[in-house]
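Here's entry_19.txt, which has compact mmCIF, C-alpha atoms:
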# COMPACT_ATOMS: atom_id res chain seq x y z
CA MET G 1 7.23 4.92 19.75
CA GLU G 2 10.75 5.13 21.12
CA TYR G 3 12.58 1.85 21.67
CA LYS G 4 14.49 1.65 24.94
CA PRO G 5 18.17 1.24 23.89
CA LYS G 6 19.58 -2.26 24.38
CA GLU G 7 23.00 -3.75 23.76
CA VAL G 8 23.18 -7.21 22.19
CA LEU G 9 26.09 -9.40 21.12
CA LEU G 10 26.47 -10.40 17.48
CA LYS G 11 27.44 -13.92 16.42
CA ASN G 12 31.10 -12.88 16.17
CA GLY G 13 31.06 -11.39 19.68
CA THR G 14 30.87 -7.75 18.56
CA PRO G 15 28.59 -5.58 20.71
CA CYS G 16 25.71 -3.97 18.85
CA LEU G 17 23.38 -1.25 20.16
CA LEU G 18 19.72 -1.35 19.20
CA LYS G 19 17.98 2.03 19.52
CA SER G 20 15.43 4.29 17.88
CA PRO G 21 17.25 6.79 15.69
CA GLY G 22 16.65 10.40 16.69
CA PRO G 23 16.85 13.59 14.61
CA GLY G 24 20.62 13.66 15.15
CA ASP G 25 20.89 10.39 13.20
CA ALA G 26 19.23 11.77 10.06
CA SER G 27 22.33 11.91 7.87
CA ALA G 28 23.45 8.44 9.00
CA ILE G 29 20.02 6.99 8.18
CA LEU G 30 20.05 8.61 4.72
CA ARG G 31 23.53 7.19 4.07
CA LEU G 32 22.31 3.73 5.14
CA MET G 33 19.33 3.98 2.77
CA SER G 34 21.60 4.89 -0.15
CA GLN G 35 24.13 2.20 0.64
CA THR G 36 21.62 -0.66 1.06
CA SER G 37 19.79 0.47 -2.10
CA GLU G 38 23.12 0.25 -3.98
CA GLU G 39 24.05 -3.16 -2.62
CA THR G 40 21.05 -5.24 -3.67
CA SER G 41 18.07 -5.03 -6.01
CA TYR G 42 15.67 -5.90 -3.17
CA MET G 43 14.90 -2.37 -2.00
CA SER G 44 12.01 -0.26 -3.28
CA ARG G 45 14.17 2.50 -4.74
CA TYR G 46 17.29 3.02 -6.78
CA ALA G 47 19.89 4.84 -4.67
CA ASP G 48 19.66 7.90 -6.94
CA GLU G 49 15.94 8.16 -6.14
CA ILE G 50 16.64 8.89 -2.47
CA LYS G 51 16.43 12.66 -2.52
CA ILE G 52 15.28 13.35 1.03
CA SER G 53 16.79 16.45 2.65
CA ILE G 54 18.48 16.10 6.03
CA HIS G 55 16.01 18.61 7.46
CA HIS G 56 13.05 16.56 6.25
CA GLU G 57 14.56 13.35 7.63
CA GLN G 58 15.17 15.04 11.01
CA ASP G 59 11.49 16.00 11.20
CA PHE G 60 10.45 12.52 10.12
CA LEU G 61 12.59 10.78 12.75
CA SER G 62 11.25 13.13 15.44
CA SER G 63 7.68 12.35 14.41
CA LEU G 64 8.36 8.60 14.64
CA LEU G 65 9.51 8.97 18.26
CA ARG G 66 6.21 10.67 19.14
CA SER G 67 4.03 8.27 17.13
CA GLN G 68 1.90 5.62 18.84
CA LYS G 69 1.74 3.52 15.66
CA ASP G 70 5.25 3.73 14.18
CA LEU G 71 8.53 2.32 15.39
CA MET G 72 12.03 2.40 13.91
CA ILE G 73 14.97 0.57 15.46
CA CYS G 74 18.49 0.83 14.12
CA ALA G 75 21.58 -1.25 14.84
CA VAL G 76 24.81 0.56 15.75
CA VAL G 77 28.20 -1.19 15.54
CA ASP G 78 31.43 0.68 16.36
CA GLY G 79 29.42 3.91 16.51
CA LYS G 80 28.02 3.49 12.99
CA ILE G 81 24.41 2.78 12.02
CA ILE G 82 24.63 -0.35 9.85
CA ALA G 83 21.02 -1.57 9.79
CA ASN G 84 17.51 -0.47 10.52
CA ALA G 85 14.02 -1.87 10.67
CA GLY G 86 10.65 -0.26 11.01
CA ILE G 87 6.95 -0.82 11.31
CA ASN G 88 4.23 1.51 10.15
CA PRO G 89 0.45 1.26 10.08
CA ILE G 90 -1.03 -0.06 6.83
CA ALA G 91 -3.57 2.77 6.82
CA LEU G 92 -5.02 5.14 9.39
CA TYR G 93 -8.62 3.91 9.12
CA GLU G 94 -10.20 1.77 11.81
CA ARG G 95 -10.58 -1.34 9.66
CA TYR G 96 -6.78 -1.41 9.25
CA ALA G 97 -5.79 -0.51 12.81
CA HIS G 98 -4.72 -4.11 13.61
CA ARG G 99 -2.23 -4.31 10.73
CA ALA G 100 1.36 -3.05 10.45
CA THR G 101 3.90 -3.27 7.63
CA PHE G 102 7.49 -4.19 8.27
CA GLY G 103 10.71 -3.37 6.41
CA ILE G 104 14.38 -3.97 7.13
CA SER G 105 17.75 -3.12 5.57
CA ILE G 106 21.21 -4.28 6.59
CA CYS G 107 24.57 -3.22 5.11
CA LYS G 108 26.00 -6.16 3.19
CA ALA G 109 29.26 -6.17 5.17
CA TYR G 110 27.19 -7.05 8.26
CA TRP G 111 25.10 -9.87 6.81
CA GLY G 112 25.28 -13.25 8.57
CA LEU G 113 25.91 -11.85 12.07
CA GLY G 114 22.36 -12.28 13.39
CA ILE G 115 21.43 -8.58 13.14
CA GLY G 116 18.24 -9.37 11.24
CA SER G 117 17.05 -11.72 13.99
CA GLN G 118 17.89 -9.21 16.73
CA LEU G 119 16.04 -6.41 14.94
CA LEU G 120 13.03 -8.54 14.02
CA SER G 121 12.73 -9.87 17.54
CA ALA G 122 12.74 -6.30 18.94
CA ILE G 123 10.28 -5.13 16.29
CA ILE G 124 7.82 -7.94 17.06
CA ARG G 125 7.86 -7.04 20.76
CA GLY G 126 7.28 -3.38 19.86
CA ALA G 127 4.42 -4.26 17.51
CA ARG G 128 2.67 -6.24 20.26
CA GLU G 129 3.21 -3.36 22.68
CA MET G 130 1.60 -0.94 20.22
CA GLY G 131 -1.44 -3.22 19.99
CA TYR G 132 -0.97 -4.59 16.49
CA GLU G 133 -2.36 -8.05 15.76
CA GLN G 134 -0.32 -8.87 12.69
CA LEU G 135 2.83 -7.86 10.86
CA GLU G 136 3.01 -7.94 7.07
CA LEU G 137 5.77 -7.58 4.52
CA GLU G 138 6.76 -8.08 0.93
CA VAL G 139 10.03 -9.73 0.02
CA VAL G 140 11.57 -10.08 -3.44
CA SER G 141 11.23 -13.80 -4.24
CA GLU G 142 14.94 -14.31 -4.91
CA ASN G 143 15.94 -12.77 -1.55
CA GLU G 144 16.56 -16.13 0.11
CA ARG G 145 18.23 -14.73 3.22
CA GLY G 146 15.28 -12.44 3.88
CA LEU G 147 12.81 -15.22 3.25
CA ALA G 148 14.62 -17.56 5.67
CA LEU G 149 14.66 -14.85 8.36
CA TYR G 150 10.95 -14.15 8.06
CA LYS G 151 10.03 -17.85 8.08
CA LYS G 152 12.12 -18.32 11.23
CA PHE G 153 9.89 -15.74 12.94
CA GLY G 154 6.66 -17.39 11.80
CA PHE G 155 5.84 -15.32 8.70
CA GLU G 156 3.91 -17.30 6.10
CA ILE G 157 3.51 -16.63 2.39
CA TYR G 158 -0.09 -15.88 1.43
CA GLY G 159 0.49 -14.77 -2.15
CA THR G 160 3.15 -14.14 -4.76
CA ARG G 161 2.96 -11.04 -6.89
CA GLU G 162 4.52 -11.45 -10.31
CA TYR G 163 5.95 -8.32 -11.97
CA CYS G 164 6.30 -6.58 -8.62
CA PHE G 165 9.44 -4.63 -9.51
CA LYS G 166 10.45 -3.52 -12.98
CA TYR G 167 14.12 -2.69 -13.24
CA ARG G 168 15.77 -0.15 -15.52
CA ASP G 169 17.02 -2.97 -17.78
CA GLY G 170 13.40 -4.03 -18.40
CA SER G 171 13.54 -7.19 -16.27
CA TYR G 172 11.08 -7.94 -13.47
CA ALA G 173 11.18 -9.39 -9.96
CA SER G 174 8.27 -11.06 -8.20
CA ALA G 175 7.60 -10.70 -4.48
CA HIS G 176 6.17 -12.95 -1.81
CA LEU G 177 3.53 -11.44 0.46
CA MET G 178 4.04 -12.63 4.02
CA MET G 179 2.23 -12.25 7.32
CA VAL G 180 2.63 -13.30 10.93
CA ARG G 181 -0.10 -13.10 13.57
CA LEU G 182 1.27 -11.64 16.79
CA MET M 1 -5.57 12.58 -16.64
CA GLU M 2 -8.93 13.88 -17.77
CA TYR M 3 -11.31 11.38 -19.32
CA LYS M 4 -13.11 12.64 -22.42
CA PRO M 5 -16.83 12.59 -21.47
CA LYS M 6 -18.85 9.79 -23.06
CA GLU M 7 -22.51 8.84 -22.89
CA VAL M 8 -23.36 5.14 -22.58
CA LEU M 9 -26.67 3.30 -22.22
CA LEU M 10 -27.34 1.21 -19.12
CA LYS M 11 -28.98 -2.22 -19.28
CA ASN M 12 -32.38 -0.66 -18.58
CA GLY M 13 -31.96 1.87 -21.39
CA THR M 14 -31.16 4.83 -19.11
CA PRO M 15 -28.44 7.16 -20.45
CA CYS M 16 -25.36 7.47 -18.25
CA LEU M 17 -22.55 10.00 -18.63
CA LEU M 18 -19.00 8.90 -17.86
CA LYS M 19 -16.66 11.81 -17.08
CA SER M 20 -13.79 12.87 -14.84
CA PRO M 21 -15.20 14.77 -11.87
CA GLY M 22 -13.91 18.33 -11.62
CA PRO M 23 -13.58 20.60 -8.56
CA GLY M 24 -17.26 21.55 -8.92
CA ASP M 25 -18.19 17.92 -8.19
CA ALA M 26 -16.41 17.82 -4.83
CA SER M 27 -19.50 17.76 -2.62
CA ALA M 28 -21.21 15.15 -4.83
CA ILE M 29 -18.12 12.91 -4.67
CA LEU M 30 -17.98 13.23 -0.87
CA ARG M 31 -21.68 12.33 -0.63
CA LEU M 32 -21.07 9.29 -2.84
CA MET M 33 -18.18 8.17 -0.63
CA SER M 34 -20.35 8.44 2.49
CA GLN M 35 -23.29 6.68 0.92
CA THR M 36 -21.33 3.73 -0.52
CA SER M 37 -19.44 3.36 2.77
CA GLU M 38 -22.80 3.14 4.56
CA GLU M 39 -24.30 0.62 2.17
CA THR M 40 -21.76 -2.22 2.36
CA SER M 41 -18.87 -3.36 4.53
CA TYR M 42 -16.59 -3.64 1.48
CA MET M 43 -15.13 -0.12 1.56
CA SER M 44 -11.94 0.87 3.38
CA ARG M 45 -13.63 3.29 5.77
CA TYR M 46 -16.66 3.65 7.96
CA ALA M 47 -18.82 6.53 6.67
CA ASP M 48 -18.09 8.53 9.84
CA GLU M 49 -14.36 8.36 9.04
CA ILE M 50 -14.81 10.41 5.88
CA LYS M 51 -13.93 13.83 7.20
CA ILE M 52 -12.54 15.48 4.07
CA SER M 53 -13.40 19.17 3.65
CA ILE M 54 -15.01 20.30 0.41
CA HIS M 55 -12.08 22.65 -0.16
CA HIS M 56 -9.59 19.79 0.19
CA GLU M 57 -11.61 17.58 -2.15
CA GLN M 58 -11.80 20.40 -4.72
CA ASP M 59 -7.99 20.68 -4.71
CA PHE M 60 -7.65 16.91 -4.90
CA LEU M 61 -9.99 16.59 -7.90
CA SER M 62 -8.14 19.44 -9.67
CA SER M 63 -4.81 17.71 -9.08
CA LEU M 64 -6.17 14.45 -10.56
CA LEU M 65 -7.12 16.23 -13.79
CA ARG M 66 -3.52 17.50 -14.15
CA SER M 67 -1.90 14.19 -13.16
CA GLN M 68 -0.22 11.93 -15.75
CA LYS M 69 -0.56 8.90 -13.48
CA ASP M 70 -4.02 9.23 -11.88
CA LEU M 71 -7.47 8.93 -13.40
CA MET M 72 -10.93 9.16 -11.86
CA ILE M 73 -14.10 8.53 -13.85
CA CYS M 74 -17.57 8.97 -12.39
CA ALA M 75 -20.95 7.86 -13.68
CA VAL M 76 -23.76 10.43 -13.82
CA VAL M 77 -27.42 9.37 -14.11
CA ASP M 78 -30.23 11.97 -14.15
CA GLY M 79 -27.63 14.63 -13.26
CA LYS M 80 -26.48 12.77 -10.14
CA ILE M 81 -23.07 11.13 -9.57
CA ILE M 82 -23.94 7.55 -8.59
CA ALA M 83 -20.62 5.75 -9.05
CA ASN M 84 -16.95 6.37 -9.48
CA ALA M 85 -13.78 4.48 -10.21
CA GLY M 86 -10.17 5.45 -10.10
CA ILE M 87 -6.62 4.38 -10.69
CA ASN M 88 -3.55 5.63 -8.89
CA PRO M 89 0.11 4.68 -9.04
CA ILE M 90 1.22 2.07 -6.47
CA ALA M 91 4.23 4.22 -5.59
CA LEU M 92 6.18 7.01 -7.26
CA TYR M 93 9.49 5.12 -7.52
CA GLU M 94 10.74 3.76 -10.84
CA ARG M 95 10.47 0.11 -9.88
CA TYR M 96 6.70 0.59 -9.40
CA ALA M 97 6.02 2.83 -12.41
CA HIS M 98 4.33 -0.02 -14.35
CA ARG M 99 1.73 -0.74 -11.62
CA ALA M 100 -1.57 0.98 -10.82
CA THR M 101 -4.19 0.28 -8.16
CA PHE M 102 -7.86 0.32 -8.95
CA GLY M 103 -10.94 1.04 -6.82
CA ILE M 104 -14.63 1.40 -7.58
CA SER M 105 -17.82 2.29 -5.72
CA ILE M 106 -21.41 2.20 -6.96
CA CYS M 107 -24.55 3.28 -5.10
CA LYS M 108 -26.56 0.18 -4.24
CA ALA M 109 -29.71 1.44 -6.01
CA TYR M 110 -27.74 1.30 -9.27
CA TRP M 111 -26.24 -2.17 -8.94
CA GLY M 112 -26.98 -4.64 -11.74
CA LEU M 113 -27.23 -2.07 -14.54
CA GLY M 114 -23.79 -2.65 -16.03
CA ILE M 115 -22.21 0.49 -14.58
CA GLY M 116 -19.27 -1.47 -13.16
CA SER M 117 -18.45 -2.91 -16.57
CA GLN M 118 -18.73 0.48 -18.27
CA LEU M 119 -16.43 2.11 -15.70
CA LEU M 120 -13.90 -0.71 -15.65
CA SER M 121 -13.74 -0.80 -19.42
CA ALA M 122 -13.06 2.97 -19.53
CA ILE M 123 -10.50 2.70 -16.72
CA ILE M 124 -8.58 -0.08 -18.49
CA ARG M 125 -8.34 2.02 -21.65
CA GLY M 126 -7.13 4.97 -19.57
CA ALA M 127 -4.55 2.83 -17.77
CA ARG M 128 -3.12 1.63 -21.07
CA GLU M 129 -3.03 5.20 -22.36
CA MET M 130 -1.08 6.30 -19.27
CA GLY M 131 1.48 3.56 -19.93
CA TYR M 132 0.64 1.19 -17.09
CA GLU M 133 1.36 -2.50 -17.63
CA GLN M 134 -0.90 -3.94 -14.95
CA LEU M 135 -3.88 -3.05 -12.79
CA GLU M 136 -4.20 -4.37 -9.25
CA LEU M 137 -6.92 -4.40 -6.64
CA GLU M 138 -8.10 -5.90 -3.40
CA VAL M 139 -11.65 -7.14 -3.00
CA VAL M 140 -13.34 -8.34 0.19
CA SER M 141 -13.70 -12.11 -0.35
CA GLU M 142 -17.45 -12.13 0.24
CA ASN M 143 -18.05 -9.38 -2.37
CA GLU M 144 -19.22 -11.80 -5.05
CA ARG M 145 -20.49 -9.13 -7.44
CA GLY M 146 -17.16 -7.34 -7.38
CA LEU M 147 -15.27 -10.59 -7.81
CA ALA M 148 -17.40 -11.58 -10.82
CA LEU M 149 -16.87 -8.16 -12.43
CA TYR M 150 -13.10 -8.30 -12.04
CA LYS M 151 -12.86 -11.87 -13.33
CA LYS M 152 -14.90 -10.85 -16.39
CA PHE M 153 -12.18 -8.30 -17.19
CA GLY M 154 -9.36 -10.81 -16.79
CA PHE M 155 -8.27 -10.10 -13.21
CA GLU M 156 -6.83 -13.17 -11.50
CA ILE M 157 -6.43 -13.89 -7.78
CA TYR M 158 -2.77 -14.18 -6.74
CA GLY M 159 -3.26 -14.26 -2.99
CA THR M 160 -5.86 -14.08 -0.23
CA ARG M 161 -5.16 -11.98 2.82
CA GLU M 162 -6.89 -13.23 5.96
CA TYR M 163 -7.78 -10.66 8.63
CA CYS M 164 -7.68 -7.85 6.07
CA PHE M 165 -10.44 -5.76 7.68
CA LYS M 166 -11.33 -5.75 11.35
CA TYR M 167 -14.82 -4.38 12.00
CA ARG M 168 -16.03 -2.52 15.05
CA ASP M 169 -17.84 -5.66 16.26
CA GLY M 170 -14.50 -7.50 16.36
CA SER M 171 -15.15 -9.67 13.29
CA TYR M 172 -12.77 -9.87 10.33
CA ALA M 173 -13.03 -10.00 6.55
CA SER M 174 -10.43 -11.47 4.22
CA ALA M 175 -9.58 -10.00 0.82
CA HIS M 176 -8.50 -11.43 -2.50
CA LEU M 177 -5.56 -9.74 -4.20
CA MET M 178 -6.16 -9.55 -7.94
CA MET M 179 -4.21 -8.40 -10.98
CA VAL M 180 -4.67 -8.08 -14.71
CA ARG M 181 -1.87 -7.50 -17.20
CA LEU M 182 -2.85 -4.80 -19.70
The structure given in the file should be rewritten as structure tokens.
Amino acid sequence: MEYKPKEVLLKNGTPCLLKSPGPGDASAILRLMSQTSEETSYMSRYADEIKISIHHEQDFLSSLLRSQKDLMICAVVDGKIIANAGINPIALYERYAHRATFGISICKAYWGLGIGSQLLSAIIRGAREMGYEQLELEVVSENERGLALYKKFGFEIYGTREYCFKYRDGSYASAHLMMVRL
Amino acid sequence: MEYKPKEVLLKNGTPCLLKSPGPGDASAILRLMSQTSEETSYMSRYADEIKISIHHEQDFLSSLLRSQKDLMICAVVDGKIIANAGINPIALYERYAHRATFGISICKAYWGLGIGSQLLSAIIRGAREMGYEQLELEVVSENERGLALYKKFGFEIYGTREYCFKYRDGSYASAHLMMVRL
């Protein structure tokens, strides 16, 4: 689904555009993925594991715009994509049609400005519009900012998975499983 | 990975062959999927949602035999495939390389003969051999036989997801999330 572009104001007064990225944003989205994967250990991949070609990402972003079950919204500040959030179906079988997964990433330099709340609020509206009944996510247990954001929007923890991530140094991170009914 | 074929005896004395299905078993595996999806409401799909072509299933089964991270083992009684079980990686990124998901299906006429235990025991050995550290699964909460089997092999519940399945009649089923360290 394509999100109708909307300008919002950040906590520091800076204007921020929320929009669905199109194929022309492919390289910016790939850069964002690499940067946010470098900045924390909360993402699913190491930055050097992001090996998606621009052409592939262009096709992927185009397919999201046409999809009735997927939605990506990015945040643009000063012409630069500095955050994005997305929902995807859990699975394409009927028994799962009411469930969507959610993920978000924000460049560290833009933390604390309310971008997470703006994106999550837009995503929840989009999820309802697409007919989903619930939104689910996993968050690394030590990611306190993420956890606080999700709780603010009604997500509740229904399980904690130990040994969720194993890092290259051999250490592990656990993750909370969270859900909100829409 | 290919499982080295092994004959075991069921509780009623019937011989049962455990083996990795090959491309020649594609139609039998598809029939098993349809039948087990008909027999209970514990599977991820309705039987009429299984629309895989034999050719596609042949390719899929061939790829599993070559894979270093996937394993499928089926149970053959009187020359007929009546159960299967499989493990697959959670995701192909490094942070997930220690985790595998597990699934199993057994034709109802063969319940209670110990086939689940034989398959799970073989799968756990295979998972260790492939270097996995933990095996994870989801089981519909009301599936008491499944739950008892998994607990017997050390799986523990770390969360319960409400509204996991939504059926065509509008009712829901919850699922327990379980894990065993290997």
Should the cut-off be 10 Å, what would the residue list for chain G against chain M look like, counting only C-alpha atoms, as an MDAnalysis selection string?
chainID G and resid 41 43:46 49:50 91:99 133:134 157:168 170 172:173 176:179 181
Per-axis box centre and lengths in Å around stretch 145-164 of chain M, 8 Å margin per side, axis-aligned, as AutoDock Vina command-line options:
--center_x -11.6 --center_y -10.8 --center_z -4.3 --size_x 33.7 --size_y 22.9 --size_z 41.8
Please identify all polymer residues within 8 Å of M:Cys74, counting all atoms listed in the file, omitting same-chain residues fewer than 4 positions from it, and present them as a VMD selection string.
chain M and resid 18 to 21 81 to 85 119
Residues near G:Leu64, cut-off 8 Å, only C-alpha atoms, skip fewer than 6 positions along chain, as a PyMOL selection string
chain G and resi 1-2+70-72
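Coordinates place atom CA of M:Tyr3 at a distance of 8.5 Å from atom CA of M:Leu65.
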Report as a ChimeraX atom specification all protein, DNA and RNA residues lying within 12 Å of M:Ala75, evaluated on only C-alpha atoms, omitting residues in the same chain fewer than 4 positions from it.
/M:3,5-10,14-21,25,28-29,32,79-86,104-107,110,113-120,122
Take the residues that were just selected and, keeping C-alpha atoms, output them as a PDB file, in the coordinates of the input.
ATOM      1  CA  TYR M   3     -11.310  11.380 -19.320  1.00  0.00           C
ATOM      2  CA  PRO M   5     -16.830  12.590 -21.470  1.00  0.00           C
ATOM      3  CA  LYS M   6     -18.850   9.790 -23.060  1.00  0.00           C
ATOM      4  CA  GLU M   7     -22.510   8.840 -22.890  1.00  0.00           C
ATOM      5  CA  VAL M   8     -23.360   5.140 -22.580  1.00  0.00           C
ATOM      6  CA  LEU M   9     -26.670   3.300 -22.220  1.00  0.00           C
ATOM      7  CA  LEU M  10     -27.340   1.210 -19.120  1.00  0.00           C
ATOM      8  CA  THR M  14     -31.160   4.830 -19.110  1.00  0.00           C
ATOM      9  CA  PRO M  15     -28.440   7.160 -20.450  1.00  0.00           C
ATOM     10  CA  CYS M  16     -25.360   7.470 -18.250  1.00  0.00           C
ATOM     11  CA  LEU M  17     -22.550  10.000 -18.630  1.00  0.00           C
ATOM     12  CA  LEU M  18     -19.000   8.900 -17.860  1.00  0.00           C
ATOM     13  CA  LYS M  19     -16.660  11.810 -17.080  1.00  0.00           C
ATOM     14  CA  SER M  20     -13.790  12.870 -14.840  1.00  0.00           C
ATOM     15  CA  PRO M  21     -15.200  14.770 -11.870  1.00  0.00           C
ATOM     16  CA  ASP M  25     -18.190  17.920  -8.190  1.00  0.00           C
ATOM     17  CA  ALA M  28     -21.210  15.150  -4.830  1.00  0.00           C
ATOM     18  CA  ILE M  29     -18.120  12.910  -4.670  1.00  0.00           C
ATOM     19  CA  LEU M  32     -21.070   9.290  -2.840  1.00  0.00           C
ATOM     20  CA  GLY M  79     -27.630  14.630 -13.260  1.00  0.00           C
ATOM     21  CA  LYS M  80     -26.480  12.770 -10.140  1.00  0.00           C
ATOM     22  CA  ILE M  81     -23.070  11.130  -9.570  1.00  0.00           C
ATOM     23  CA  ILE M  82     -23.940   7.550  -8.590  1.00  0.00           C
ATOM     24  CA  ALA M  83     -20.620   5.750  -9.050  1.00  0.00           C
ATOM     25  CA  ASN M  84     -16.950   6.370  -9.480  1.00  0.00           C
ATOM     26  CA  ALA M  85     -13.780   4.480 -10.210  1.00  0.00           C
ATOM     27  CA  GLY M  86     -10.170   5.450 -10.100  1.00  0.00           C
ATOM     28  CA  ILE M 104     -14.630   1.400  -7.580  1.00  0.00           C
ATOM     29  CA  SER M 105     -17.820   2.290  -5.720  1.00  0.00           C
ATOM     30  CA  ILE M 106     -21.410   2.200  -6.960  1.00  0.00           C
ATOM     31  CA  CYS M 107     -24.550   3.280  -5.100  1.00  0.00           C
ATOM     32  CA  TYR M 110     -27.740   1.300  -9.270  1.00  0.00           C
ATOM     33  CA  LEU M 113     -27.230  -2.070 -14.540  1.00  0.00           C
ATOM     34  CA  GLY M 114     -23.790  -2.650 -16.030  1.00  0.00           C
ATOM     35  CA  ILE M 115     -22.210   0.490 -14.580  1.00  0.00           C
ATOM     36  CA  GLY M 116     -19.270  -1.470 -13.160  1.00  0.00           C
ATOM     37  CA  SER M 117     -18.450  -2.910 -16.570  1.00  0.00           C
ATOM     38  CA  GLN M 118     -18.730   0.480 -18.270  1.00  0.00           C
ATOM     39  CA  LEU M 119     -16.430   2.110 -15.700  1.00  0.00           C
ATOM     40  CA  LEU M 120     -13.900  -0.710 -15.650  1.00  0.00           C
ATOM     41  CA  ALA M 122     -13.060   2.970 -19.530  1.00  0.00           C
TER      42      ALA M 122
END
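In this comparison, which uses only C-alpha atoms, the residue of G:Val139, G:Pro89, G:Leu182, G:Leu147 approaching G:Ser121 most closely is G:Leu182.
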